[in-house]
Amino acid sequence: MIIRAGVKGLQPEIAIIFPLIDAIFTNHGHVCVLTSAVRDKGPGSLHPMGFAADFDSMRDVNPVTWKLIEKDAKEAVGNEYDVLAHDSGSGMHLHVEFDPR
Ligand SMILES: [Zn+2]
């Protein structure tokens, strides 16, 4: 896994899933990059508290593979986490947040 410069402030509940996410990207032939963690974002986001992280690949991921990565990640991290492969304006990435309910 590659961690982009400036990423900091993650909660342990998010940090402990990194090996799982890394392995999933590897299984699908991609190098996992942690692109974003704590940042300001609108209400409802867990990024400001460090309970969310975004992952991308070193190269383009096709839409089918994004769906597979999302599915595998959901299974790997369990139901206390929300997992979504989406494009919220900055390009496709895998968003994972710790959100036990
Ligand atoms: Zn996110």
# chains A, B, ... in the order shown; residues from 1 in each chain; ligands from 1

call {"tool": "closest_atom_pairs", "arguments": {"of": "chain A", "to": "ligand 1", "cutoff": "12 Å", "atoms": "only C-alpha atoms and all ligand atoms", "output": "CSV"}}
result
residue,atom,partner,partner_atom_place_in_ligand_line,distance
A:Ile14,CA,ligand 1,1 (Zn),11.8
A:Leu34,CA,ligand 1,1 (Zn),10.5
A:Thr35,CA,ligand 1,1 (Zn),9.3
A:Ser36,CA,ligand 1,1 (Zn),7.2
A:Ala37,CA,ligand 1,1 (Zn),7.3
A:Val38,CA,ligand 1,1 (Zn),9.2
A:Arg39,CA,ligand 1,1 (Zn),9.3
A:Asp40,CA,ligand 1,1 (Zn),10.7
A:Lys41,CA,ligand 1,1 (Zn),9.1
A:Gly42,CA,ligand 1,1 (Zn),11.1
A:Gly44,CA,ligand 1,1 (Zn),11.2
A:Ser45,CA,ligand 1,1 (Zn),7.8
A:Leu46,CA,ligand 1,1 (Zn),8.1
A:His47,CA,ligand 1,1 (Zn),6.6
A:Pro48,CA,ligand 1,1 (Zn),10.2
A:Met49,CA,ligand 1,1 (Zn),11.8
A:Gly50,CA,ligand 1,1 (Zn),10.4
A:Phe51,CA,ligand 1,1 (Zn),9.6
A:Ala52,CA,ligand 1,1 (Zn),6.0
A:Ala53,CA,ligand 1,1 (Zn),5.4
A:Asp54,CA,ligand 1,1 (Zn),4.7
A:Phe55,CA,ligand 1,1 (Zn),8.2
A:Asp56,CA,ligand 1,1 (Zn),10.7
A:Asp82,CA,ligand 1,1 (Zn),10.2
A:Val83,CA,ligand 1,1 (Zn),9.3
A:Leu84,CA,ligand 1,1 (Zn),8.5
A:Ala85,CA,ligand 1,1 (Zn),9.3
A:His86,CA,ligand 1,1 (Zn),8.9
A:Asp87,CA,ligand 1,1 (Zn),9.5
A:Ser88,CA,ligand 1,1 (Zn),8.3
A:Gly89,CA,ligand 1,1 (Zn),10.9
A:Ser90,CA,ligand 1,1 (Zn),10.2
A:Gly91,CA,ligand 1,1 (Zn),11.2
A:Met92,CA,ligand 1,1 (Zn),10.3
A:His93,CA,ligand 1,1 (Zn),7.9
A:Leu94,CA,ligand 1,1 (Zn),7.2
A:His95,CA,ligand 1,1 (Zn),4.2
A:Val96,CA,ligand 1,1 (Zn),6.5
A:Glu97,CA,ligand 1,1 (Zn),7.4
A:Phe98,CA,ligand 1,1 (Zn),11.1

call {"tool": "select_by_dssp", "arguments": {"residues": "chain A", "states": "helix (DSSP H, G or I)", "output": "MDAnalysis selection string"}}
result
chainID A and resid 12:15 18:27 47:49 63:77

call {"tool": "write_last_selection", "arguments": {"atoms": "N, CA and C atoms", "output": "short mmCIF file (atom, residue, chain, number, x, y, z; two decimals), in the first residue's frame"}}
result
data_model
loop_
_atom_site.label_atom_id
_atom_site.label_comp_id
_atom_site.auth_asym_id
_atom_site.auth_seq_id
_atom_site.Cartn_x
_atom_site.Cartn_y
_atom_site.Cartn_z
N PRO A 12 -7.98 4.35 15.01
CA PRO A 12 -7.52 2.96 14.91
C PRO A 12 -8.51 2.05 14.19
N GLU A 13 -9.81 2.31 14.37
CA GLU A 13 -10.82 1.46 13.72
C GLU A 13 -10.69 1.50 12.20
N ILE A 14 -10.19 2.59 11.66
CA ILE A 14 -9.95 2.68 10.23
C ILE A 14 -8.58 2.12 9.87
N ALA A 15 -7.59 2.42 10.69
CA ALA A 15 -6.23 1.97 10.38
C ALA A 15 -6.13 0.45 10.32
N PHE A 18 -6.61 -1.47 6.91
CA PHE A 18 -5.72 -1.22 5.76
C PHE A 18 -5.18 -2.51 5.13
N PRO A 19 -4.71 -3.48 5.96
CA PRO A 19 -4.19 -4.71 5.33
C PRO A 19 -5.24 -5.44 4.52
N LEU A 20 -6.49 -5.41 4.99
CA LEU A 20 -7.57 -6.08 4.27
C LEU A 20 -7.82 -5.42 2.92
N ILE A 21 -7.89 -4.09 2.93
CA ILE A 21 -8.15 -3.36 1.69
C ILE A 21 -6.97 -3.52 0.73
N ASP A 22 -5.78 -3.45 1.28
CA ASP A 22 -4.58 -3.62 0.47
C ASP A 22 -4.59 -4.97 -0.25
N ALA A 23 -4.94 -6.03 0.49
CA ALA A 23 -4.95 -7.37 -0.10
C ALA A 23 -5.99 -7.48 -1.21
N ILE A 24 -7.12 -6.81 -1.05
CA ILE A 24 -8.18 -6.87 -2.07
C ILE A 24 -7.71 -6.19 -3.36
N PHE A 25 -7.13 -5.02 -3.25
CA PHE A 25 -6.59 -4.36 -4.45
C PHE A 25 -5.54 -5.26 -5.12
N THR A 26 -4.68 -5.85 -4.32
CA THR A 26 -3.64 -6.73 -4.86
C THR A 26 -4.26 -7.91 -5.60
N ASN A 27 -5.30 -8.50 -5.00
CA ASN A 27 -5.98 -9.64 -5.64
C ASN A 27 -6.55 -9.28 -7.00
N HIS A 47 -15.25 11.78 7.56
CA HIS A 47 -13.85 12.17 7.30
C HIS A 47 -13.29 13.16 8.34
N PRO A 48 -14.05 14.17 8.75
CA PRO A 48 -13.44 15.13 9.69
C PRO A 48 -13.02 14.50 11.01
N MET A 49 -13.68 13.40 11.41
CA MET A 49 -13.35 12.75 12.68
C MET A 49 -12.30 11.65 12.54
N PRO A 63 -14.78 -0.26 -14.43
CA PRO A 63 -15.99 -0.27 -13.60
C PRO A 63 -16.34 -1.63 -13.02
N VAL A 64 -16.11 -2.68 -13.78
CA VAL A 64 -16.41 -4.03 -13.27
C VAL A 64 -15.52 -4.35 -12.08
N THR A 65 -14.26 -4.00 -12.19
CA THR A 65 -13.33 -4.27 -11.09
C THR A 65 -13.66 -3.45 -9.86
N TRP A 66 -14.08 -2.19 -10.07
CA TRP A 66 -14.50 -1.39 -8.91
C TRP A 66 -15.61 -2.09 -8.16
N LYS A 67 -16.58 -2.65 -8.88
CA LYS A 67 -17.70 -3.34 -8.22
C LYS A 67 -17.20 -4.55 -7.44
N LEU A 68 -16.23 -5.27 -8.02
CA LEU A 68 -15.68 -6.45 -7.33
C LEU A 68 -14.90 -6.04 -6.08
N ILE A 69 -14.13 -4.97 -6.22
CA ILE A 69 -13.37 -4.48 -5.06
C ILE A 69 -14.34 -4.06 -3.96
N GLU A 70 -15.41 -3.36 -4.34
CA GLU A 70 -16.41 -2.93 -3.36
C GLU A 70 -17.04 -4.13 -2.65
N LYS A 71 -17.41 -5.12 -3.42
CA LYS A 71 -18.05 -6.33 -2.85
C LYS A 71 -17.09 -7.05 -1.91
N ASP A 72 -15.86 -7.26 -2.36
CA ASP A 72 -14.87 -7.95 -1.52
C ASP A 72 -14.59 -7.16 -0.24
N ALA A 73 -14.52 -5.84 -0.37
CA ALA A 73 -14.22 -5.01 0.79
C ALA A 73 -15.36 -5.08 1.81
N LYS A 74 -16.60 -5.05 1.33
CA LYS A 74 -17.75 -5.15 2.23
C LYS A 74 -17.69 -6.44 3.03
N GLU A 75 -17.38 -7.52 2.33
CA GLU A 75 -17.31 -8.82 3.02
C GLU A 75 -16.16 -8.85 4.02
N ALA A 76 -15.05 -8.21 3.66
CA ALA A 76 -13.85 -8.30 4.50
C ALA A 76 -13.99 -7.48 5.78
N VAL A 77 -14.58 -6.33 5.70
CA VAL A 77 -14.57 -5.44 6.88
C VAL A 77 -15.78 -5.64 7.79
#

call {"tool": "atom_distance", "arguments": {"atom1": "atom CA of A:Pro43", "atom2": "atom CA of A:Ile2"}}
result
28.3 Å

call {"tool": "select_by_dssp", "arguments": {"residues": "chain A", "states": "strand (DSSP E or B)", "output": "CSV table (one decimal) with N, CA and C atoms, in the first residue's frame"}}
result
chain,number,residue,atom,x,y,z
A,2,ILE,N,0.4,2.2,-0.7
A,2,ILE,CA,1.1,3.5,-0.8
A,2,ILE,C,0.2,4.5,0.0
A,3,ILE,N,0.8,5.3,0.8
A,3,ILE,CA,0.1,6.3,1.6
A,3,ILE,C,0.5,7.7,1.1
A,32,CYS,N,-2.8,-0.5,-4.1
A,32,CYS,CA,-3.7,0.3,-3.3
A,32,CYS,C,-3.0,1.6,-2.9
A,33,VAL,N,-3.7,2.7,-3.0
A,33,VAL,CA,-3.2,4.0,-2.5
A,33,VAL,C,-4.2,4.6,-1.6
A,34,LEU,N,-3.7,4.9,-0.4
A,34,LEU,CA,-4.6,5.6,0.6
A,34,LEU,C,-4.5,7.1,0.2
A,35,THR,N,-5.6,7.6,-0.3
A,35,THR,CA,-5.5,9.0,-0.9
A,35,THR,C,-5.9,10.1,0.0
A,36,SER,N,-6.8,9.7,1.0
A,36,SER,CA,-7.4,10.8,1.8
A,36,SER,C,-8.0,10.2,3.1
A,52,ALA,N,-13.1,7.8,8.4
A,52,ALA,CA,-13.3,7.4,7.0
A,52,ALA,C,-12.0,7.5,6.3
A,53,ALA,N,-11.8,6.7,5.2
A,53,ALA,CA,-10.6,6.8,4.4
A,53,ALA,C,-11.0,6.5,3.0
A,54,ASP,N,-10.2,7.0,2.0
A,54,ASP,CA,-10.5,6.8,0.6
A,54,ASP,C,-9.3,6.1,0.0
A,55,PHE,N,-9.6,5.1,-0.8
A,55,PHE,CA,-8.5,4.3,-1.5
A,55,PHE,C,-8.7,4.3,-3.0
A,56,ASP,N,-7.6,4.4,-3.7
A,56,ASP,CA,-7.6,4.4,-5.1
A,56,ASP,C,-6.4,3.5,-5.6
A,57,SER,N,-6.3,3.3,-6.9
A,57,SER,CA,-5.2,2.5,-7.4
A,57,SER,C,-4.2,3.4,-8.0
A,81,TYR,N,-18.9,-1.3,9.1
A,81,TYR,CA,-18.2,-0.4,8.2
A,81,TYR,C,-19.2,-0.2,7.0
A,82,ASP,N,-19.2,1.0,6.5
A,82,ASP,CA,-19.8,1.3,5.2
A,82,ASP,C,-18.8,1.4,4.1
A,83,VAL,N,-19.0,0.7,3.0
A,83,VAL,CA,-18.1,0.6,1.9
A,83,VAL,C,-18.8,1.1,0.6
A,84,LEU,N,-18.2,2.0,-0.1
A,84,LEU,CA,-18.8,2.5,-1.3
A,84,LEU,C,-17.7,2.8,-2.3
A,85,ALA,N,-17.8,2.2,-3.5
A,85,ALA,CA,-17.0,2.7,-4.7
A,85,ALA,C,-17.8,3.7,-5.4
A,86,HIS,N,-17.3,5.0,-5.4
A,86,HIS,CA,-18.1,6.0,-6.0
A,86,HIS,C,-17.2,7.2,-6.4
A,87,ASP,N,-17.8,8.1,-7.2
A,87,ASP,CA,-17.1,9.3,-7.6
A,87,ASP,C,-17.9,10.5,-7.1
A,92,MET,N,-13.2,8.2,-9.3
A,92,MET,CA,-13.6,7.0,-8.6
A,92,MET,C,-12.6,6.6,-7.5
A,93,HIS,N,-13.2,6.2,-6.4
A,93,HIS,CA,-12.4,5.7,-5.3
A,93,HIS,C,-13.2,4.8,-4.4
A,94,LEU,N,-12.6,4.1,-3.5
A,94,LEU,CA,-13.3,3.3,-2.6
A,94,LEU,C,-13.3,4.1,-1.2
A,95,HIS,N,-14.5,4.4,-0.8
A,95,HIS,CA,-14.7,5.1,0.5
A,95,HIS,C,-15.1,4.0,1.5
A,96,VAL,N,-14.4,4.1,2.6
A,96,VAL,CA,-14.7,3.1,3.7
A,96,VAL,C,-14.8,4.0,5.0
A,97,GLU,N,-15.9,3.7,5.7
A,97,GLU,CA,-16.0,4.5,7.0
A,97,GLU,C,-16.5,3.5,8.1
A,98,PHE,N,-16.0,3.8,9.3
A,98,PHE,CA,-16.4,3.1,10.5
A,98,PHE,C,-17.7,3.7,11.1

call {"tool": "closest_residue", "arguments": {"among": "A:Met1, A:Arg101, A:Gly6, A:Asn79", "to": "A:His30", "atoms": "only C-alpha atoms"}}
result
A:Met1

call {"tool": "decode", "arguments": {"residues": "stretch 22-50 of chain A", "atoms": "C-alpha atoms", "output": "PDB file, in the first residue's frame"}}
result
ATOM      1  CA  ASP A  22      -4.576  -3.617   0.468  1.00  0.00           C
ATOM      2  CA  ALA A  23      -4.955  -7.372  -0.095  1.00  0.00           C
ATOM      3  CA  ILE A  24      -8.177  -6.872  -2.074  1.00  0.00           C
ATOM      4  CA  PHE A  25      -6.590  -4.357  -4.446  1.00  0.00           C
ATOM      5  CA  THR A  26      -3.636  -6.732  -4.858  1.00  0.00           C
ATOM      6  CA  ASN A  27      -5.984  -9.641  -5.635  1.00  0.00           C
ATOM      7  CA  HIS A  28      -7.482  -7.583  -8.447  1.00  0.00           C
ATOM      8  CA  GLY A  29      -4.076  -6.644  -9.846  1.00  0.00           C
ATOM      9  CA  HIS A  30      -3.882  -3.135  -8.414  1.00  0.00           C
ATOM     10  CA  VAL A  31      -1.596  -1.261  -6.073  1.00  0.00           C
ATOM     11  CA  CYS A  32      -3.685   0.307  -3.321  1.00  0.00           C
ATOM     12  CA  VAL A  33      -3.175   3.979  -2.537  1.00  0.00           C
ATOM     13  CA  LEU A  34      -4.581   5.609   0.571  1.00  0.00           C
ATOM     14  CA  THR A  35      -5.469   8.969  -0.903  1.00  0.00           C
ATOM     15  CA  SER A  36      -7.410  10.780   1.778  1.00  0.00           C
ATOM     16  CA  ALA A  37      -8.387  10.466   5.381  1.00  0.00           C
ATOM     17  CA  VAL A  38      -9.082  13.407   7.637  1.00  0.00           C
ATOM     18  CA  ARG A  39     -10.395  16.403   5.766  1.00  0.00           C
ATOM     19  CA  ASP A  40     -13.207  18.873   5.912  1.00  0.00           C
ATOM     20  CA  LYS A  41     -16.319  17.712   4.191  1.00  0.00           C
ATOM     21  CA  GLY A  42     -20.015  18.399   4.423  1.00  0.00           C
ATOM     22  CA  PRO A  43     -22.300  17.307   7.247  1.00  0.00           C
ATOM     23  CA  GLY A  44     -22.772  13.579   7.584  1.00  0.00           C
ATOM     24  CA  SER A  45     -19.259  12.671   6.523  1.00  0.00           C
ATOM     25  CA  LEU A  46     -17.024  10.826   8.943  1.00  0.00           C
ATOM     26  CA  HIS A  47     -13.851  12.174   7.298  1.00  0.00           C
ATOM     27  CA  PRO A  48     -13.441  15.132   9.688  1.00  0.00           C
ATOM     28  CA  MET A  49     -13.348  12.753  12.679  1.00  0.00           C
ATOM     29  CA  GLY A  50     -10.854  10.333  11.148  1.00  0.00           C
TER      30      GLY A  50
END
